[in-house]
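The next block holds one structure in the form of structure tokens; read it before the comments.
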Amino acid sequence: MLKYLDVLKFVNHGNPEPAFKVVKTQEEWQAILSSEVFEVTRMKGTERAYSSELCSTFAPGLYACSCCGTLLFDGREKFESGTGWPSFTQPIDAHAVAYKNDRSYGMRRIEALCSICDAHLGHVFPDGPAPSGLRYCMNALALKKMEAKYEKSVFGGGCFWCTEAIFDELKGVVSVESGYSGGAIANPTYREVCSGKTGHAEVVQVTYNPAEISYKDLLCVHLSTHNPTTLNQQGADTGTQYRSIILVSNDEQRHVAESVIMEMQEGFDRPIVTEIRELQAFYLAEPEHQNFYMNNPEEGYCQAVIDPKLDRFRKLFAARRK
């Protein structure tokens with residue numbers, strides 16, 4: 001979960017580099033966008049307050065960039081701000097939105113842009129609802145509502161570097177973010193979590209398309225790619241932060257998780273000790289922990305620990321890989 005402090009860090013120290021960029025000239029954008037969308041997204045305009053029905057639309061759905069189609073927001077994070085512009089508490093992915101200081105009109109604001117094509121979306125403010133406290137005040141013209149329904153689930157199976165690398169290769173998975181959950185301290189740091197005193201576990205938040213992969217399938221992959229029978233331990237990694245855990249968002253997820261554990265218990269000689277816990281909050285880990293395996297394949301830990309786990313996963317679930 002992003003907080004305003006995270007946004008300020010991006011502004012002051014730079015936004016993470018996206019996997020790719022969409023770059024066009026102003027003339028090329030003007031040729032493919034309506035005049036209204038071009039004015040807002042490429043010329044940094046602002047639409048009139050309450051001018052769009054998106055302000056009062058709260059049905060489930062996803063919102064993408066009007067220019068390049070990058071997924072930006074989940075409708076479940078949308079709320080009535082009373083400002084006259086569509087407002088969200090979080091982006092769909094921590095790196096979907098980029099941030100920049102905006103000192104126009106004699107004000108100091110933080111501009112929100114699409115991280116892929118640099119389209120102007122609106123601004124982000126620290127006056128949103130708890131727990132994030134953020135308000136992404138967006139121009140409706142910068143967004144287009146998508147019909148596909150994505151879901152999010154949170155799992156912990158030891159070091160999140162390992163768990164992230166596995167889920168990243170699954171068909172139907174849109175994004176994987178490493179973070180912390182299951183404890184009582186808000187916005188913990190990696191160092192604090194490693195102390196074992198926060199109650200948090202290292203986890204990943206998986207955004208996926210249920211039309212391509214089910215929650216049950218994700219659980220089967222999760223329980224098959226780490227050891228769910230060791231309490232607070234995965235290999236040489238020991239401590240409560242490395243415990244096997246499933247964070248559920250509703251009763252349906254809890255029921256499915258309990259059923260899958262019962263079904264899979266027959267395949268283990270020892271009792272499965274995976275904790276099932278209600279998800280209270282997911283706290284995004286520091287940037288250096290995101291895509292760790294992809295960015296550091298030559299690291300000793302990656303070769304000694306993650307590579308063997310990936311090899312096992314690729315053999316077990318070859319048909320489900322991207």
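A note on labels: chains of the structure tokens are A, B, ... as shown, every chain counts residues from 1, and ligands are counted from 1 in their shown order.
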* So which residues touch stretch 277-284 of chain A within 10 Å, counting only C-alpha atoms, skipping near sequence neighbours fewer than 4 positions away, as an MDAnalysis selection string? -> chainID A and resid 1:3 6 93:94 131:132 153:154 177:189 200 202:205 245:251 253:254 289:290
Could you turn the residues from that selection into a file that holds N, CA and C atoms, as a tab-separated table (two decimals), in the first residue's frame?
chain	number	residue	atom	x	y	z
A	1	MET	N	0.84	-1.19	0.00
A	1	MET	CA	0.00	0.00	0.00
A	1	MET	C	0.88	1.25	0.00
A	2	LEU	N	0.66	2.12	-0.96
A	2	LEU	CA	1.43	3.36	-1.03
A	2	LEU	C	0.87	4.38	-0.05
A	3	LYS	N	1.76	5.12	0.57
A	3	LYS	CA	1.40	6.25	1.41
A	3	LYS	C	2.01	7.51	0.78
A	6	ASP	N	5.70	7.60	0.35
A	6	ASP	CA	6.22	6.86	-0.80
A	6	ASP	C	6.16	7.71	-2.06
A	93	ASP	N	-1.15	-0.89	-9.49
A	93	ASP	CA	0.21	-1.39	-9.27
A	93	ASP	C	1.04	-0.20	-8.80
A	94	ALA	N	1.94	-0.44	-7.89
A	94	ALA	CA	2.73	0.65	-7.32
A	94	ALA	C	3.50	1.44	-8.37
A	131	PRO	N	-6.89	3.35	4.73
A	131	PRO	CA	-5.61	3.44	5.43
A	131	PRO	C	-4.51	4.16	4.66
A	132	SER	N	-4.68	4.39	3.34
A	132	SER	CA	-3.57	4.97	2.58
A	132	SER	C	-3.47	6.48	2.80
A	153	SER	N	-4.78	-11.20	-4.65
A	153	SER	CA	-4.62	-12.13	-3.55
A	153	SER	C	-3.22	-11.98	-2.98
A	154	VAL	N	-3.09	-12.30	-1.69
A	154	VAL	CA	-1.82	-12.11	-0.99
A	154	VAL	C	-1.36	-13.44	-0.38
A	177	GLU	N	3.68	-7.96	-6.66
A	177	GLU	CA	4.38	-6.97	-5.86
A	177	GLU	C	4.82	-7.59	-4.54
A	178	SER	N	6.05	-7.34	-4.15
A	178	SER	CA	6.56	-7.83	-2.87
A	178	SER	C	6.23	-6.83	-1.77
A	179	GLY	N	5.89	-7.37	-0.59
A	179	GLY	CA	5.56	-6.48	0.50
A	179	GLY	C	5.44	-7.20	1.82
A	180	TYR	N	4.70	-6.59	2.74
A	180	TYR	CA	4.58	-7.10	4.10
A	180	TYR	C	3.11	-7.10	4.52
A	181	SER	N	2.71	-8.13	5.27
A	181	SER	CA	1.34	-8.19	5.77
A	181	SER	C	1.27	-9.19	6.93
A	182	GLY	N	0.17	-9.13	7.65
A	182	GLY	CA	-0.05	-10.07	8.74
A	182	GLY	C	0.36	-9.58	10.11
A	183	GLY	N	0.92	-8.37	10.18
A	183	GLY	CA	1.37	-7.83	11.46
A	183	GLY	C	0.54	-6.65	11.92
A	184	ALA	N	1.05	-5.92	12.91
A	184	ALA	CA	0.28	-4.84	13.52
A	184	ALA	C	0.86	-3.45	13.29
A	185	ILE	N	2.04	-3.36	12.70
A	185	ILE	CA	2.71	-2.07	12.53
A	185	ILE	C	2.46	-1.54	11.11
A	186	ALA	N	2.05	-0.29	11.00
A	186	ALA	CA	1.80	0.31	9.69
A	186	ALA	C	3.10	0.70	9.02
A	187	ASN	N	3.14	0.50	7.70
A	187	ASN	CA	4.29	0.92	6.88
A	187	ASN	C	5.63	0.45	7.43
A	188	PRO	N	5.82	-0.84	7.66
A	188	PRO	CA	7.09	-1.32	8.20
A	188	PRO	C	8.19	-1.28	7.15
A	189	THR	N	9.42	-1.21	7.60
A	189	THR	CA	10.57	-1.28	6.71
A	189	THR	C	11.08	-2.72	6.66
A	200	HIS	N	4.76	-9.02	10.93
A	200	HIS	CA	4.51	-9.13	9.50
A	200	HIS	C	5.30	-10.29	8.89
A	202	GLU	N	6.87	-11.70	5.07
A	202	GLU	CA	7.20	-11.30	3.70
A	202	GLU	C	6.18	-11.97	2.79
A	203	VAL	N	5.49	-11.17	2.00
A	203	VAL	CA	4.41	-11.69	1.17
A	203	VAL	C	4.48	-11.07	-0.23
A	204	VAL	N	3.64	-11.60	-1.13
A	204	VAL	CA	3.46	-10.99	-2.44
A	204	VAL	C	1.99	-10.74	-2.66
A	205	GLN	N	1.68	-9.64	-3.33
A	205	GLN	CA	0.32	-9.34	-3.76
A	205	GLN	C	0.23	-9.65	-5.25
A	245	ILE	N	1.82	-18.42	4.83
A	245	ILE	CA	0.60	-17.69	5.19
A	245	ILE	C	-0.24	-17.40	3.94
A	246	ILE	N	-1.54	-17.41	4.11
A	246	ILE	CA	-2.50	-17.02	3.07
A	246	ILE	C	-3.36	-15.91	3.67
A	247	LEU	N	-3.34	-14.73	3.08
A	247	LEU	CA	-4.15	-13.61	3.55
A	247	LEU	C	-5.43	-13.56	2.73
A	248	VAL	N	-6.58	-13.74	3.38
A	248	VAL	CA	-7.85	-13.81	2.66
A	248	VAL	C	-8.62	-12.50	2.80
A	249	SER	N	-9.36	-12.14	1.75
A	249	SER	CA	-10.11	-10.88	1.74
A	249	SER	C	-11.58	-11.06	2.05
A	250	ASN	N	-12.08	-12.30	2.00
A	250	ASN	CA	-13.50	-12.54	2.25
A	250	ASN	C	-13.70	-14.00	2.66
A	251	ASP	N	-14.95	-14.33	3.03
A	251	ASP	CA	-15.27	-15.68	3.49
A	251	ASP	C	-15.09	-16.71	2.38
A	253	GLN	N	-12.85	-16.70	-0.07
A	253	GLN	CA	-11.43	-17.04	-0.18
A	253	GLN	C	-11.01	-17.93	0.98
A	254	ARG	N	-11.49	-17.66	2.17
A	254	ARG	CA	-11.14	-18.49	3.33
A	254	ARG	C	-11.61	-19.93	3.12
A	289	HIS	N	13.40	-4.32	-3.61
A	289	HIS	CA	12.89	-5.69	-3.44
A	289	HIS	C	11.90	-6.08	-4.53
A	290	GLN	N	11.51	-5.14	-5.37
A	290	GLN	CA	10.58	-5.45	-6.45
A	290	GLN	C	11.36	-6.04	-7.64
* Neighbours of A:Phe317 within 8 Å (only C-alpha atoms; same-chain residues fewer than 4 positions away dropped), as an MDAnalysis selection string? -> chainID A and resid 221 313 321
Requested write-out: C-alpha atoms of the selected residues, as a tab-separated table (two decimals), in the first residue's frame:
chain	number	residue	atom	x	y	z
A	221	VAL	CA	0.83	-23.38	-7.02
A	313	PHE	CA	7.87	-24.97	-10.49
A	321	ARG	CA	3.62	-20.83	-17.56
* Among listed residues A:Ile272, A:Val174, A:Ile166, A:Ile110, nearest A:Arg312 (using only C-alpha atoms) ->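 Of the candidates, the smallest distance to A:Arg312 is held by A:Ile166.
Counting only C-alpha atoms, A:Glu53 has the following residues at most 10 Å away, ignoring those fewer than 4 positions along the same chain: Thr57, Gly84, Trp85, Pro86 and Ala140 of chain A.
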Hey, can you spit out that residue selection with N, CA and C atoms as a PDB file, in the first residue's frame?
ATOM      1  N   THR A  57     -19.728   6.861 -10.817  1.00  0.00           N
ATOM      2  CA  THR A  57     -19.755   5.447 -11.194  1.00  0.00           C
ATOM      3  C   THR A  57     -18.855   4.668 -10.254  1.00  0.00           C
ATOM      4  N   GLY A  84     -15.651  16.485  -7.658  1.00  0.00           N
ATOM      5  CA  GLY A  84     -16.093  16.642  -9.037  1.00  0.00           C
ATOM      6  C   GLY A  84     -15.225  15.925 -10.045  1.00  0.00           C
ATOM      7  N   TRP A  85     -14.205  15.208  -9.545  1.00  0.00           N
ATOM      8  CA  TRP A  85     -13.347  14.404 -10.412  1.00  0.00           C
ATOM      9  C   TRP A  85     -13.269  12.981  -9.855  1.00  0.00           C
ATOM     10  N   PRO A  86     -13.136  11.979 -10.714  1.00  0.00           N
ATOM     11  CA  PRO A  86     -12.982  10.603 -10.222  1.00  0.00           C
ATOM     12  C   PRO A  86     -11.782  10.509  -9.287  1.00  0.00           C
ATOM     13  N   ALA A 140     -11.368  12.375 -15.827  1.00  0.00           N
ATOM     14  CA  ALA A 140     -12.081  11.241 -16.427  1.00  0.00           C
ATOM     15  C   ALA A 140     -11.645  11.022 -17.873  1.00  0.00           C
TER      16      ALA A 140
END
DSSP strand (DSSP E or B) residues within stretch 74-209 of chain A, listed as a short mmCIF file (atom, residue, chain, number, x, y, z; two decimals) with N, CA and C atoms, in the first residue's frame:
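result-v5.cif was written with the following content:
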data_model
loop_
_atom_site.label_atom_id
_atom_site.label_comp_id
_atom_site.auth_asym_id
_atom_site.auth_seq_id
_atom_site.Cartn_x
_atom_site.Cartn_y
_atom_site.Cartn_z
N ASP A 74 -8.02 0.16 -10.04
CA ASP A 74 -9.07 -0.83 -9.80
C ASP A 74 -10.27 -0.08 -9.23
N LYS A 78 -11.96 3.15 -5.79
CA LYS A 78 -12.61 4.41 -6.15
C LYS A 78 -13.53 4.86 -5.01
N PHE A 79 -13.59 6.15 -4.75
CA PHE A 79 -14.45 6.65 -3.69
C PHE A 79 -15.01 8.02 -4.05
N SER A 87 -11.98 9.83 -8.15
CA SER A 87 -10.92 9.76 -7.15
C SER A 87 -10.67 8.33 -6.71
N PHE A 88 -9.39 7.99 -6.51
CA PHE A 88 -8.98 6.65 -6.13
C PHE A 88 -8.01 6.74 -4.96
N VAL A 97 1.74 4.37 -11.95
CA VAL A 97 1.68 5.83 -12.01
C VAL A 97 3.04 6.41 -11.68
N ALA A 98 3.44 7.42 -12.42
CA ALA A 98 4.67 8.16 -12.14
C ALA A 98 4.30 9.52 -11.55
N TYR A 99 5.27 10.14 -10.88
CA TYR A 99 4.97 11.37 -10.15
C TYR A 99 6.00 12.47 -10.47
N LYS A 100 5.50 13.71 -10.43
CA LYS A 100 6.36 14.84 -10.79
C LYS A 100 5.87 16.08 -10.06
N ASN A 101 6.82 16.91 -9.62
CA ASN A 101 6.45 18.19 -9.00
C ASN A 101 5.76 19.09 -10.02
N ASP A 102 4.68 19.74 -9.60
CA ASP A 102 3.94 20.66 -10.47
C ASP A 102 3.79 21.98 -9.73
N ARG A 109 1.91 21.20 -6.34
CA ARG A 109 1.15 19.95 -6.33
C ARG A 109 2.02 18.83 -6.89
N ILE A 110 1.55 17.59 -6.72
CA ILE A 110 2.24 16.44 -7.30
C ILE A 110 1.41 15.92 -8.45
N GLU A 111 1.98 16.01 -9.62
CA GLU A 111 1.30 15.55 -10.83
C GLU A 111 1.40 14.03 -10.94
N ALA A 112 0.31 13.40 -11.37
CA ALA A 112 0.28 11.96 -11.61
C ALA A 112 0.25 11.72 -13.11
N LEU A 113 1.17 10.85 -13.58
CA LEU A 113 1.27 10.56 -15.00
C LEU A 113 1.26 9.05 -15.24
N CYS A 114 0.83 8.64 -16.42
CA CYS A 114 0.96 7.24 -16.80
C CYS A 114 2.44 6.93 -16.91
N HIS A 120 -0.67 12.96 -18.89
CA HIS A 120 -1.10 13.66 -17.68
C HIS A 120 -2.44 13.08 -17.25
N LEU A 121 -2.51 12.63 -15.98
CA LEU A 121 -3.74 12.03 -15.46
C LEU A 121 -4.48 12.97 -14.51
N GLY A 122 -3.72 13.68 -13.71
CA GLY A 122 -4.31 14.54 -12.69
C GLY A 122 -3.29 14.80 -11.61
N HIS A 123 -3.72 14.81 -10.35
CA HIS A 123 -2.81 15.06 -9.23
C HIS A 123 -3.13 14.13 -8.07
N VAL A 124 -2.17 13.96 -7.19
CA VAL A 124 -2.37 13.12 -6.00
C VAL A 124 -2.18 13.98 -4.75
N PHE A 125 -3.10 13.80 -3.78
CA PHE A 125 -3.12 14.61 -2.57
C PHE A 125 -3.14 13.72 -1.33
N ARG A 135 -5.43 10.55 -2.17
CA ARG A 135 -6.52 10.84 -3.11
C ARG A 135 -5.92 11.10 -4.49
N TYR A 136 -6.09 10.14 -5.36
CA TYR A 136 -5.67 10.31 -6.75
C TYR A 136 -6.83 11.00 -7.46
N CYS A 137 -6.70 12.30 -7.67
CA CYS A 137 -7.75 13.11 -8.30
C CYS A 137 -7.49 13.11 -9.81
N MET A 138 -8.27 12.33 -10.54
CA MET A 138 -7.99 12.06 -11.94
C MET A 138 -8.98 12.75 -12.88
N LEU A 143 -8.91 8.54 -18.51
CA LEU A 143 -9.17 7.14 -18.18
C LEU A 143 -10.19 6.53 -19.10
N LYS A 144 -10.08 5.23 -19.31
CA LYS A 144 -11.13 4.48 -20.00
C LYS A 144 -11.42 3.22 -19.18
N LYS A 145 -12.71 2.96 -18.99
CA LYS A 145 -13.13 1.83 -18.16
C LYS A 145 -13.04 0.54 -18.97
N MET A 146 -12.45 -0.47 -18.35
CA MET A 146 -12.29 -1.76 -18.99
C MET A 146 -13.32 -2.74 -18.43
N GLU A 151 -8.60 -9.66 -10.06
CA GLU A 151 -8.66 -9.88 -8.61
C GLU A 151 -7.25 -9.76 -8.03
N LYS A 152 -7.21 -9.59 -6.70
CA LYS A 152 -5.92 -9.53 -6.00
C LYS A 152 -5.92 -10.53 -4.85
N SER A 153 -4.78 -11.20 -4.65
CA SER A 153 -4.62 -12.13 -3.55
C SER A 153 -3.22 -11.98 -2.98
N VAL A 154 -3.09 -12.30 -1.69
CA VAL A 154 -1.82 -12.11 -0.99
C VAL A 154 -1.36 -13.44 -0.38
N PHE A 155 -0.10 -13.80 -0.66
CA PHE A 155 0.46 -15.06 -0.17
C PHE A 155 1.87 -14.83 0.40
N GLY A 156 2.23 -15.65 1.38
CA GLY A 156 3.59 -15.63 1.92
C GLY A 156 4.12 -17.04 2.00
N GLY A 157 5.33 -17.25 1.50
CA GLY A 157 5.93 -18.58 1.53
C GLY A 157 7.43 -18.51 1.71
N LEU A 170 3.36 -17.16 -14.15
CA LEU A 170 2.07 -17.82 -14.36
C LEU A 170 1.20 -17.10 -15.37
N VAL A 173 -1.53 -14.05 -14.59
CA VAL A 173 -1.05 -13.11 -13.57
C VAL A 173 -0.61 -11.82 -14.25
N VAL A 174 -1.20 -10.72 -13.83
CA VAL A 174 -0.92 -9.41 -14.43
C VAL A 174 0.30 -8.76 -13.79
N SER A 175 0.37 -8.81 -12.47
CA SER A 175 1.51 -8.20 -11.77
C SER A 175 1.71 -8.87 -10.42
N VAL A 176 2.94 -8.80 -9.91
CA VAL A 176 3.28 -9.33 -8.60
C VAL A 176 4.10 -8.28 -7.87
N GLU A 177 3.68 -7.96 -6.66
CA GLU A 177 4.38 -6.97 -5.86
C GLU A 177 4.82 -7.59 -4.54
N SER A 178 6.05 -7.34 -4.15
CA SER A 178 6.56 -7.83 -2.87
C SER A 178 6.23 -6.83 -1.77
N GLY A 179 5.89 -7.37 -0.59
CA GLY A 179 5.56 -6.48 0.50
C GLY A 179 5.44 -7.20 1.82
N TYR A 180 4.70 -6.59 2.74
CA TYR A 180 4.58 -7.10 4.10
C TYR A 180 3.11 -7.10 4.52
N SER A 181 2.71 -8.13 5.27
CA SER A 181 1.34 -8.19 5.77
C SER A 181 1.27 -9.19 6.93
N ALA A 201 4.74 -10.82 7.82
CA ALA A 201 5.44 -11.82 7.02
C ALA A 201 5.83 -11.18 5.69
N GLU A 202 6.87 -11.70 5.07
CA GLU A 202 7.20 -11.30 3.70
C GLU A 202 6.18 -11.97 2.79
N VAL A 203 5.49 -11.17 2.00
CA VAL A 203 4.41 -11.69 1.17
C VAL A 203 4.48 -11.07 -0.23
N VAL A 204 3.64 -11.60 -1.13
CA VAL A 204 3.46 -10.99 -2.44
C VAL A 204 1.99 -10.74 -2.66
N GLN A 205 1.68 -9.64 -3.33
CA GLN A 205 0.32 -9.34 -3.76
C GLN A 205 0.23 -9.65 -5.25
N VAL A 206 -0.65 -10.59 -5.59
CA VAL A 206 -0.79 -11.06 -6.97
C VAL A 206 -2.06 -10.48 -7.57
N THR A 207 -1.93 -9.75 -8.67
CA THR A 207 -3.08 -9.28 -9.44
C THR A 207 -3.25 -10.21 -10.62
N TYR A 208 -4.44 -10.79 -10.76
CA TYR A 208 -4.63 -11.82 -11.78
C TYR A 208 -6.01 -11.73 -12.42
#
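Among A:Arg191, A:Lys9, A:Arg48, A:His95, the residue with the shortest atom-to-atom distance to A:Ser115, counting only C-alpha atoms, is A:His95.
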* Among stretch 6-80 of chain A, which ones does DSSP place in alpha helix (DSSP H), written as a ChimeraX atom specification? -> /A:6-13,26-32,35-41
Writer output for current selection, N, CA and C atoms, as a PDB file, in the first residue's frame:
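part33.pdb, written as the output of this step:
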ATOM      1  N   ASP A   6       5.701   7.604   0.348  1.00  0.00           N
ATOM      2  CA  ASP A   6       6.220   6.860  -0.803  1.00  0.00           C
ATOM      3  C   ASP A   6       6.159   7.709  -2.064  1.00  0.00           C
ATOM      4  N   VAL A   7       5.043   8.426  -2.224  1.00  0.00           N
ATOM      5  CA  VAL A   7       4.890   9.307  -3.387  1.00  0.00           C
ATOM      6  C   VAL A   7       5.978  10.377  -3.387  1.00  0.00           C
ATOM      7  N   LEU A   8       6.243  10.958  -2.220  1.00  0.00           N
ATOM      8  CA  LEU A   8       7.283  11.988  -2.119  1.00  0.00           C
ATOM      9  C   LEU A   8       8.664  11.419  -2.456  1.00  0.00           C
ATOM     10  N   LYS A   9       8.911  10.175  -2.065  1.00  0.00           N
ATOM     11  CA  LYS A   9      10.194   9.551  -2.393  1.00  0.00           C
ATOM     12  C   LYS A   9      10.349   9.412  -3.904  1.00  0.00           C
ATOM     13  N   PHE A  10       9.268   9.026  -4.585  1.00  0.00           N
ATOM     14  CA  PHE A  10       9.327   8.919  -6.043  1.00  0.00           C
ATOM     15  C   PHE A  10       9.609  10.283  -6.672  1.00  0.00           C
ATOM     16  N   VAL A  11       8.964  11.314  -6.143  1.00  0.00           N
ATOM     17  CA  VAL A  11       9.152  12.663  -6.679  1.00  0.00           C
ATOM     18  C   VAL A  11      10.595  13.132  -6.481  1.00  0.00           C
ATOM     19  N   ASN A  12      11.129  12.896  -5.304  1.00  0.00           N
ATOM     20  CA  ASN A  12      12.455  13.418  -4.960  1.00  0.00           C
ATOM     21  C   ASN A  12      13.611  12.563  -5.456  1.00  0.00           C
ATOM     22  N   HIS A  13      13.395  11.268  -5.597  1.00  0.00           N
ATOM     23  CA  HIS A  13      14.498  10.361  -5.948  1.00  0.00           C
ATOM     24  C   HIS A  13      14.312   9.654  -7.288  1.00  0.00           C
ATOM     25  N   GLN A  26       3.916  14.817 -30.440  1.00  0.00           N
ATOM     26  CA  GLN A  26       2.629  15.456 -30.191  1.00  0.00           C
ATOM     27  C   GLN A  26       1.705  15.329 -31.404  1.00  0.00           C
ATOM     28  N   GLU A  27       2.296  15.412 -32.572  1.00  0.00           N
ATOM     29  CA  GLU A  27       1.496  15.285 -33.803  1.00  0.00           C
ATOM     30  C   GLU A  27       0.895  13.891 -33.925  1.00  0.00           C
ATOM     31  N   GLU A  28       1.680  12.869 -33.557  1.00  0.00           N
ATOM     32  CA  GLU A  28       1.179  11.492 -33.616  1.00  0.00           C
ATOM     33  C   GLU A  28       0.065  11.265 -32.604  1.00  0.00           C
ATOM     34  N   TRP A  29       0.208  11.811 -31.400  1.00  0.00           N
ATOM     35  CA  TRP A  29      -0.860  11.692 -30.409  1.00  0.00           C
ATOM     36  C   TRP A  29      -2.111  12.423 -30.881  1.00  0.00           C
ATOM     37  N   GLN A  30      -1.925  13.582 -31.434  1.00  0.00           N
ATOM     38  CA  GLN A  30      -3.072  14.385 -31.878  1.00  0.00           C
ATOM     39  C   GLN A  30      -3.864  13.673 -32.966  1.00  0.00           C
ATOM     40  N   ALA A  31      -3.167  12.856 -33.751  1.00  0.00           N
ATOM     41  CA  ALA A  31      -3.825  12.158 -34.851  1.00  0.00           C
ATOM     42  C   ALA A  31      -4.699  11.002 -34.368  1.00  0.00           C
ATOM     43  N   ILE A  32      -4.423  10.458 -33.178  1.00  0.00           N
ATOM     44  CA  ILE A  32      -5.163   9.282 -32.724  1.00  0.00           C
ATOM     45  C   ILE A  32      -6.077   9.556 -31.528  1.00  0.00           C
ATOM     46  N   SER A  35      -9.866  15.590 -29.540  1.00  0.00           N
ATOM     47  CA  SER A  35      -9.307  16.886 -29.154  1.00  0.00           C
ATOM     48  C   SER A  35      -9.383  17.088 -27.640  1.00  0.00           C
ATOM     49  N   GLU A  36     -10.474  16.576 -27.016  1.00  0.00           N
ATOM     50  CA  GLU A  36     -10.634  16.735 -25.569  1.00  0.00           C
ATOM     51  C   GLU A  36      -9.604  15.906 -24.801  1.00  0.00           C
ATOM     52  N   VAL A  37      -9.413  14.647 -25.219  1.00  0.00           N
ATOM     53  CA  VAL A  37      -8.444  13.780 -24.551  1.00  0.00           C
ATOM     54  C   VAL A  37      -7.028  14.306 -24.769  1.00  0.00           C
ATOM     55  N   PHE A  38      -6.742  14.780 -25.976  1.00  0.00           N
ATOM     56  CA  PHE A  38      -5.410  15.330 -26.266  1.00  0.00           C
ATOM     57  C   PHE A  38      -5.125  16.535 -25.374  1.00  0.00           C
ATOM     58  N   GLU A  39      -6.097  17.403 -25.217  1.00  0.00           N
ATOM     59  CA  GLU A  39      -5.912  18.614 -24.417  1.00  0.00           C
ATOM     60  C   GLU A  39      -5.572  18.268 -22.968  1.00  0.00           C
ATOM     61  N   VAL A  40      -6.248  17.259 -22.409  1.00  0.00           N
ATOM     62  CA  VAL A  40      -6.015  16.881 -21.020  1.00  0.00           C
ATOM     63  C   VAL A  40      -4.717  16.098 -20.855  1.00  0.00           C
ATOM     64  N   THR A  41      -4.537  15.054 -21.659  1.00  0.00           N
ATOM     65  CA  THR A  41      -3.435  14.124 -21.429  1.00  0.00           C
ATOM     66  C   THR A  41      -2.090  14.585 -21.969  1.00  0.00           C
TER      67      THR A  41
END
